[in-house]
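Heads up, the thing below is written out as structure tokens.
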Amino acid sequence: MTNTYGILAYPAGHSLSPVVFNAAFKEIGVDAQYGVFEIPENELSKFIVEARQEPIAGLSVSLPYKKEILRYIDVLDEDAKKIGAVNTVVNKGGFLYGYNTDFVGAVEALREVFSDLKNVNAVIFGAGGASRAVVYGILKNGGKVSCIVNRTKENAEKLAKEFSEMFGVEIVGLGTTDEKKSGNVFINTSSIWTLNKDIDFSEIGKYFSDEYLKNFECFMEIAYNPLITPLIKKAQELDKKYITGDKMFFCQAVKQFEILTDKKAPKDVMQKVLEQNLV
Ligand code: ATR
């Protein structure tokens, strides 16, 4: 029987998981297909009920469901539990097992510039499900998070408090980058570019000033479609180091493939297909 996998997100059109996973299945001869489940919020419960019964073997979970999916998970992996977000779901006989591979991807992506994570002192922009994994990955590997900045300040404060307590560190939650608190790497985890494709590079000043961004050595994005976001373009303009979103996506996808299929991921093929499809 053909196993069905897919991406659960809303919107889901930006995701390159379908092309990367389907190429990987073909490469290793697995009888499986990977589709798109673009499910609006009011249909999520119904979708999960059906997913448990239908032959859906596993899901990648993306925005905005990485936190919301928790209440449907029957068995939660230890890292995913601490992160408070799930991006990988395995269906075993109607029981849903939840994992998080984003934190692995974030750490591997940061290693492109920081061979030792202890040298990372990050400012995190965004306080959603992806942000949780990035913060956790850095702290778990001995790096520092000086602050979390988010449009809704309360969400930043809540996350900062939660992870400060978990790791015995001091992270500040802020509502704007105007409130100065710096580090050496600025990581955008928000869905700002993914949800607003029409934001022009010239508008980046509305979100982050040059004066603020100049404080950092390195910039990292977790969004990869498009690859060159306004933040990455700004990093190029300021002649700073940068890590594009494909790095985290690739590393989390490899780990996710192995959890979903229990097979070794064909990394070369996955990398090649990803590169061919990046815009
Ligand atoms: P994900 O799973 O990708 O993290 P999410 O949990 O929906 O998605 O979180 C999205 C994050 O992007 C949130 O931090 C959100 O800010 P709010 O907490 O204020 O909602 C942030 N975000 C989304 N659109 C944004 C925008 N236009 N400007 C700034 N932040 C934005």
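Going by the structure tokens order, chains are called A, B, ..., each with residues numbered from 1, while ligands are numbered from 1 in the order shown.
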Hey, could you make a per-residue contact list for chain A against ligand 1 with 10 Å as the cut-off, showing the nearest pair of atoms and its distance in Å to one decimal, counting only C-alpha atoms and all ligand atoms, sorted by chain and number, as a Markdown table?
```
| residue | atom | partner | partner_atom_place_in_ligand_line | distance |
| --- | --- | --- | --- | --- |
| A:Ala9 | CA | ligand 1 | 2 (O) | 9.1 |
| A:Tyr10 | CA | ligand 1 | 7 (O) | 9.5 |
| A:Val61 | CA | ligand 1 | 2 (O) | 8.3 |
| A:Ser62 | CA | ligand 1 | 2 (O) | 5.5 |
| A:Leu63 | CA | ligand 1 | 2 (O) | 3.9 |
| A:Pro64 | CA | ligand 1 | 7 (O) | 3.9 |
| A:Tyr65 | CA | ligand 1 | 2 (O) | 6.2 |
| A:Lys66 | CA | ligand 1 | 2 (O) | 5.1 |
| A:Lys67 | CA | ligand 1 | 6 (O) | 6.6 |
| A:Glu68 | CA | ligand 1 | 6 (O) | 8.6 |
| A:Ala85 | CA | ligand 1 | 2 (O) | 8.2 |
| A:Val86 | CA | ligand 1 | 2 (O) | 9.1 |
| A:Asn87 | CA | ligand 1 | 2 (O) | 8.4 |
| A:Ile124 | CA | ligand 1 | 14 (O) | 9.8 |
| A:Phe125 | CA | ligand 1 | 14 (O) | 7.3 |
| A:Gly126 | CA | ligand 1 | 14 (O) | 3.6 |
| A:Ala127 | CA | ligand 1 | 14 (O) | 3.8 |
| A:Gly128 | CA | ligand 1 | 6 (O) | 3.4 |
| A:Gly129 | CA | ligand 1 | 4 (O) | 3.8 |
| A:Ala130 | CA | ligand 1 | 4 (O) | 3.7 |
| A:Ser131 | CA | ligand 1 | 4 (O) | 5.6 |
| A:Arg132 | CA | ligand 1 | 4 (O) | 7.7 |
| A:Ala133 | CA | ligand 1 | 4 (O) | 8.9 |
| A:Val134 | CA | ligand 1 | 4 (O) | 9.8 |
| A:Ile148 | CA | ligand 1 | 14 (O) | 9.6 |
| A:Val149 | CA | ligand 1 | 14 (O) | 8.4 |
| A:Asn150 | CA | ligand 1 | 14 (O) | 5.6 |
| A:Arg151 | CA | ligand 1 | 19 (O) | 4.0 |
| A:Thr152 | CA | ligand 1 | 19 (O) | 3.8 |
| A:Lys153 | CA | ligand 1 | 19 (O) | 7.2 |
| A:Glu154 | CA | ligand 1 | 18 (O) | 8.1 |
| A:Asn155 | CA | ligand 1 | 18 (O) | 5.6 |
| A:Ala156 | CA | ligand 1 | 18 (O) | 7.4 |
| A:Gly175 | CA | ligand 1 | 19 (O) | 8.9 |
| A:Thr176 | CA | ligand 1 | 29 (C) | 9.7 |
| A:Asn188 | CA | ligand 1 | 12 (O) | 8.8 |
| A:Thr189 | CA | ligand 1 | 4 (O) | 6.3 |
| A:Ser190 | CA | ligand 1 | 12 (O) | 3.4 |
| A:Ser191 | CA | ligand 1 | 12 (O) | 4.3 |
| A:Ile192 | CA | ligand 1 | 25 (C) | 4.1 |
| A:Trp193 | CA | ligand 1 | 27 (N) | 7.5 |
| A:Thr194 | CA | ligand 1 | 24 (N) | 8.3 |
| A:Leu195 | CA | ligand 1 | 24 (N) | 6.5 |
| A:Asn196 | CA | ligand 1 | 27 (N) | 7.0 |
| A:Ile199 | CA | ligand 1 | 27 (N) | 9.4 |
| A:Lys206 | CA | ligand 1 | 28 (N) | 9.9 |
| A:Tyr207 | CA | ligand 1 | 28 (N) | 7.6 |
| A:Ile222 | CA | ligand 1 | 3 (O) | 8.8 |
| A:Ala223 | CA | ligand 1 | 3 (O) | 8.5 |
```
Among the residues of range 72-245 of chain A, find those DSSP assigns to alpha helix (DSSP H) from the backbone and print them as an MDAnalysis selection string.
chainID A and resid 78:83 102:110 129:140 153:167 192:195 210:213 230:237 245
Please, could you write that set of residues out with C-alpha atoms as a PDB file, in the first residue's frame?
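This went into selection.pdb:
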```
ATOM      1  CA  GLU A  78      11.103  15.022  25.060  1.00  0.00           C
ATOM      2  CA  ASP A  79      12.664  17.841  22.977  1.00  0.00           C
ATOM      3  CA  ALA A  80       9.315  18.712  21.367  1.00  0.00           C
ATOM      4  CA  LYS A  81       7.778  18.852  24.846  1.00  0.00           C
ATOM      5  CA  LYS A  82      10.393  21.318  26.100  1.00  0.00           C
ATOM      6  CA  ILE A  83      10.159  23.381  22.906  1.00  0.00           C
ATOM      7  CA  ASP A 102      13.425  22.491  13.586  1.00  0.00           C
ATOM      8  CA  PHE A 103      15.840  22.881  16.485  1.00  0.00           C
ATOM      9  CA  VAL A 104      18.281  20.441  14.872  1.00  0.00           C
ATOM     10  CA  GLY A 105      18.009  22.374  11.605  1.00  0.00           C
ATOM     11  CA  ALA A 106      18.559  25.734  13.332  1.00  0.00           C
ATOM     12  CA  VAL A 107      21.697  24.496  15.098  1.00  0.00           C
ATOM     13  CA  GLU A 108      23.150  22.981  11.923  1.00  0.00           C
ATOM     14  CA  ALA A 109      22.419  26.201  10.000  1.00  0.00           C
ATOM     15  CA  LEU A 110      24.155  28.332  12.653  1.00  0.00           C
ATOM     16  CA  GLY A 129       6.388  27.920  16.985  1.00  0.00           C
ATOM     17  CA  ALA A 130       9.550  28.205  14.902  1.00  0.00           C
ATOM     18  CA  SER A 131      11.057  30.735  17.294  1.00  0.00           C
ATOM     19  CA  ARG A 132      10.682  28.290  20.185  1.00  0.00           C
ATOM     20  CA  ALA A 133      12.750  25.668  18.361  1.00  0.00           C
ATOM     21  CA  VAL A 134      15.491  28.140  17.412  1.00  0.00           C
ATOM     22  CA  VAL A 135      15.763  29.482  20.985  1.00  0.00           C
ATOM     23  CA  TYR A 136      15.832  25.937  22.404  1.00  0.00           C
ATOM     24  CA  GLY A 137      18.476  24.738  19.926  1.00  0.00           C
ATOM     25  CA  ILE A 138      20.813  27.640  20.753  1.00  0.00           C
ATOM     26  CA  LEU A 139      20.432  27.327  24.537  1.00  0.00           C
ATOM     27  CA  LYS A 140      20.717  23.531  24.527  1.00  0.00           C
ATOM     28  CA  LYS A 153       5.210  42.091  23.022  1.00  0.00           C
ATOM     29  CA  GLU A 154       3.366  39.782  25.465  1.00  0.00           C
ATOM     30  CA  ASN A 155       4.238  36.759  23.301  1.00  0.00           C
ATOM     31  CA  ALA A 156       7.927  37.723  23.403  1.00  0.00           C
ATOM     32  CA  GLU A 157       7.801  38.218  27.178  1.00  0.00           C
ATOM     33  CA  LYS A 158       6.071  34.877  27.718  1.00  0.00           C
ATOM     34  CA  LEU A 159       8.629  32.997  25.620  1.00  0.00           C
ATOM     35  CA  ALA A 160      11.564  34.806  27.192  1.00  0.00           C
ATOM     36  CA  LYS A 161      10.313  33.937  30.696  1.00  0.00           C
ATOM     37  CA  GLU A 162       9.626  30.315  29.823  1.00  0.00           C
ATOM     38  CA  PHE A 163      13.084  29.642  28.354  1.00  0.00           C
ATOM     39  CA  SER A 164      14.891  31.762  30.971  1.00  0.00           C
ATOM     40  CA  GLU A 165      13.397  29.496  33.635  1.00  0.00           C
ATOM     41  CA  MET A 166      14.038  26.278  31.702  1.00  0.00           C
ATOM     42  CA  PHE A 167      17.755  27.010  31.162  1.00  0.00           C
ATOM     43  CA  ILE A 192       6.660  38.296   7.977  1.00  0.00           C
ATOM     44  CA  TRP A 193       7.973  37.656   4.426  1.00  0.00           C
ATOM     45  CA  THR A 194       6.143  34.334   3.958  1.00  0.00           C
ATOM     46  CA  LEU A 195       2.767  35.922   4.697  1.00  0.00           C
ATOM     47  CA  ASP A 210      20.023  50.253   9.424  1.00  0.00           C
ATOM     48  CA  GLU A 211      21.354  51.751  12.634  1.00  0.00           C
ATOM     49  CA  TYR A 212      20.034  48.752  14.578  1.00  0.00           C
ATOM     50  CA  LEU A 213      21.083  46.100  12.078  1.00  0.00           C
ATOM     51  CA  PRO A 230      14.646  41.788   2.380  1.00  0.00           C
ATOM     52  CA  LEU A 231      16.721  40.982   5.512  1.00  0.00           C
ATOM     53  CA  ILE A 232      19.254  38.908   3.563  1.00  0.00           C
ATOM     54  CA  LYS A 233      19.426  41.625   0.909  1.00  0.00           C
ATOM     55  CA  LYS A 234      20.139  44.138   3.641  1.00  0.00           C
ATOM     56  CA  ALA A 235      22.891  41.884   5.047  1.00  0.00           C
ATOM     57  CA  GLN A 236      24.471  41.801   1.580  1.00  0.00           C
ATOM     58  CA  GLU A 237      24.185  45.582   1.312  1.00  0.00           C
ATOM     59  CA  GLY A 245      16.660  29.823   5.168  1.00  0.00           C
TER      60      GLY A 245
END
```
Based on the backbone DSSP call, show me all residues of range 217-249 of chain A assigned strand (DSSP E or B), as a VMD selection string.
chain A and resid 218 to 221 241 to 243
With distances taken over only C-alpha atoms, which residue among A:Asp198, A:Glu41, A:Asp262, A:Glu170 lies nearest Ala57 in chain A?
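Smallest separation from Ala57 in chain A among the options: A:Asp262.
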All residues 6 Å or closer to Thr4 in chain A, only C-alpha atoms, same chain fewer than 6 positions away omitted, as a PyMOL selection string:
chain A and resi 32-34+56-57
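Minimum distance to Asn277 in chain A across A:Ser15, A:Ser45, A:Ser202, A:Gln53 (counting only C-alpha atoms) occurs at A:Ser15.
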Would you pick out the contacts of Tyr72 in chain A at 12 Å or less, using only C-alpha atoms, so that residues sharing its chain but fewer than 6 positions from it are not included, and give the list as a list in words?
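Selected residues are Leu44, Ser45, Lys46, Phe47, Ile48, Val49, Ala51, Arg52, Tyr65, Lys66, Ala85, Val86, Val89, Val90, Asn91, Gly94, Phe95, Leu96, Tyr97 and Gly98 of chain A.
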Store the residues picked out above, limited to N, CA and C atoms, as a JSON list (two decimals), in the first residue's frame.
```
[["chain", "number", "residue", "atom", "x", "y", "z"],
["A", 44, "LEU", "N", -9.28, 22.28, 11.15],
["A", 44, "LEU", "CA", -8.14, 21.51, 11.65],
["A", 44, "LEU", "C", -8.58, 20.26, 12.43],
["A", 45, "SER", "N", -9.54, 20.43, 13.34],
["A", 45, "SER", "CA", -9.99, 19.29, 14.17],
["A", 45, "SER", "C", -10.50, 18.16, 13.30],
["A", 46, "LYS", "N", -11.33, 18.52, 12.33],
["A", 46, "LYS", "CA", -11.92, 17.52, 11.42],
["A", 46, "LYS", "C", -10.80, 16.83, 10.63],
["A", 47, "PHE", "N", -9.83, 17.61, 10.19],
["A", 47, "PHE", "CA", -8.72, 17.04, 9.42],
["A", 47, "PHE", "C", -7.95, 16.01, 10.26],
["A", 48, "ILE", "N", -7.72, 16.36, 11.53],
["A", 48, "ILE", "CA", -6.94, 15.44, 12.39],
["A", 48, "ILE", "C", -7.72, 14.15, 12.64],
["A", 49, "VAL", "N", -9.03, 14.27, 12.86],
["A", 49, "VAL", "CA", -9.85, 13.07, 13.06],
["A", 49, "VAL", "C", -9.71, 12.16, 11.84],
["A", 51, "ALA", "N", -7.29, 12.24, 9.57],
["A", 51, "ALA", "CA", -5.89, 11.84, 9.38],
["A", 51, "ALA", "C", -5.55, 10.62, 10.23],
["A", 52, "ARG", "N", -6.15, 10.54, 11.42],
["A", 52, "ARG", "CA", -5.89, 9.37, 12.29],
["A", 52, "ARG", "C", -6.42, 8.10, 11.63],
["A", 65, "TYR", "N", 0.52, 26.08, 12.66],
["A", 65, "TYR", "CA", 0.01, 24.98, 13.50],
["A", 65, "TYR", "C", 1.02, 24.30, 14.42],
["A", 66, "LYS", "N", 2.26, 24.79, 14.45],
["A", 66, "LYS", "CA", 3.30, 24.07, 15.22],
["A", 66, "LYS", "C", 2.99, 23.98, 16.72],
["A", 85, "ALA", "N", 6.45, 22.90, 20.76],
["A", 85, "ALA", "CA", 6.00, 22.96, 19.36],
["A", 85, "ALA", "C", 6.43, 21.68, 18.65],
["A", 86, "VAL", "N", 5.60, 21.29, 17.69],
["A", 86, "VAL", "CA", 5.83, 20.05, 16.93],
["A", 86, "VAL", "C", 5.85, 20.38, 15.44],
["A", 89, "VAL", "N", 4.89, 14.75, 12.65],
["A", 89, "VAL", "CA", 3.91, 13.86, 13.28],
["A", 89, "VAL", "C", 3.94, 12.51, 12.58],
["A", 90, "VAL", "N", 4.05, 11.45, 13.38],
["A", 90, "VAL", "CA", 4.00, 10.09, 12.83],
["A", 90, "VAL", "C", 2.71, 9.45, 13.32],
["A", 91, "ASN", "N", 1.98, 8.83, 12.39],
["A", 91, "ASN", "CA", 0.73, 8.17, 12.74],
["A", 91, "ASN", "C", 0.96, 6.66, 12.82],
["A", 94, "GLY", "N", -3.29, 5.08, 14.34],
["A", 94, "GLY", "CA", -4.24, 6.07, 14.86],
["A", 94, "GLY", "C", -3.69, 6.87, 16.03],
["A", 95, "PHE", "N", -2.53, 6.48, 16.55],
["A", 95, "PHE", "CA", -1.88, 7.25, 17.60],
["A", 95, "PHE", "C", -0.88, 8.22, 16.97],
["A", 96, "LEU", "N", -0.93, 9.47, 17.39],
["A", 96, "LEU", "CA", -0.04, 10.48, 16.78],
["A", 96, "LEU", "C", 1.16, 10.74, 17.68],
["A", 97, "TYR", "N", 2.35, 10.56, 17.13],
["A", 97, "TYR", "CA", 3.62, 10.79, 17.83],
["A", 97, "TYR", "C", 4.19, 12.12, 17.33],
["A", 98, "GLY", "N", 4.52, 13.02, 18.24],
["A", 98, "GLY", "CA", 5.01, 14.35, 17.83],
["A", 98, "GLY", "C", 6.48, 14.56, 18.12]]
```
Any idea what the distance is between CA of Thr88 in chain A and CA of Glu258 in chain A?
10.7 Å
From the list A:Phe21, A:Phe249, A:Phe186, A:Phe208, the nearest residue to Leu227 in chain A using only C-alpha atoms is A:Phe249
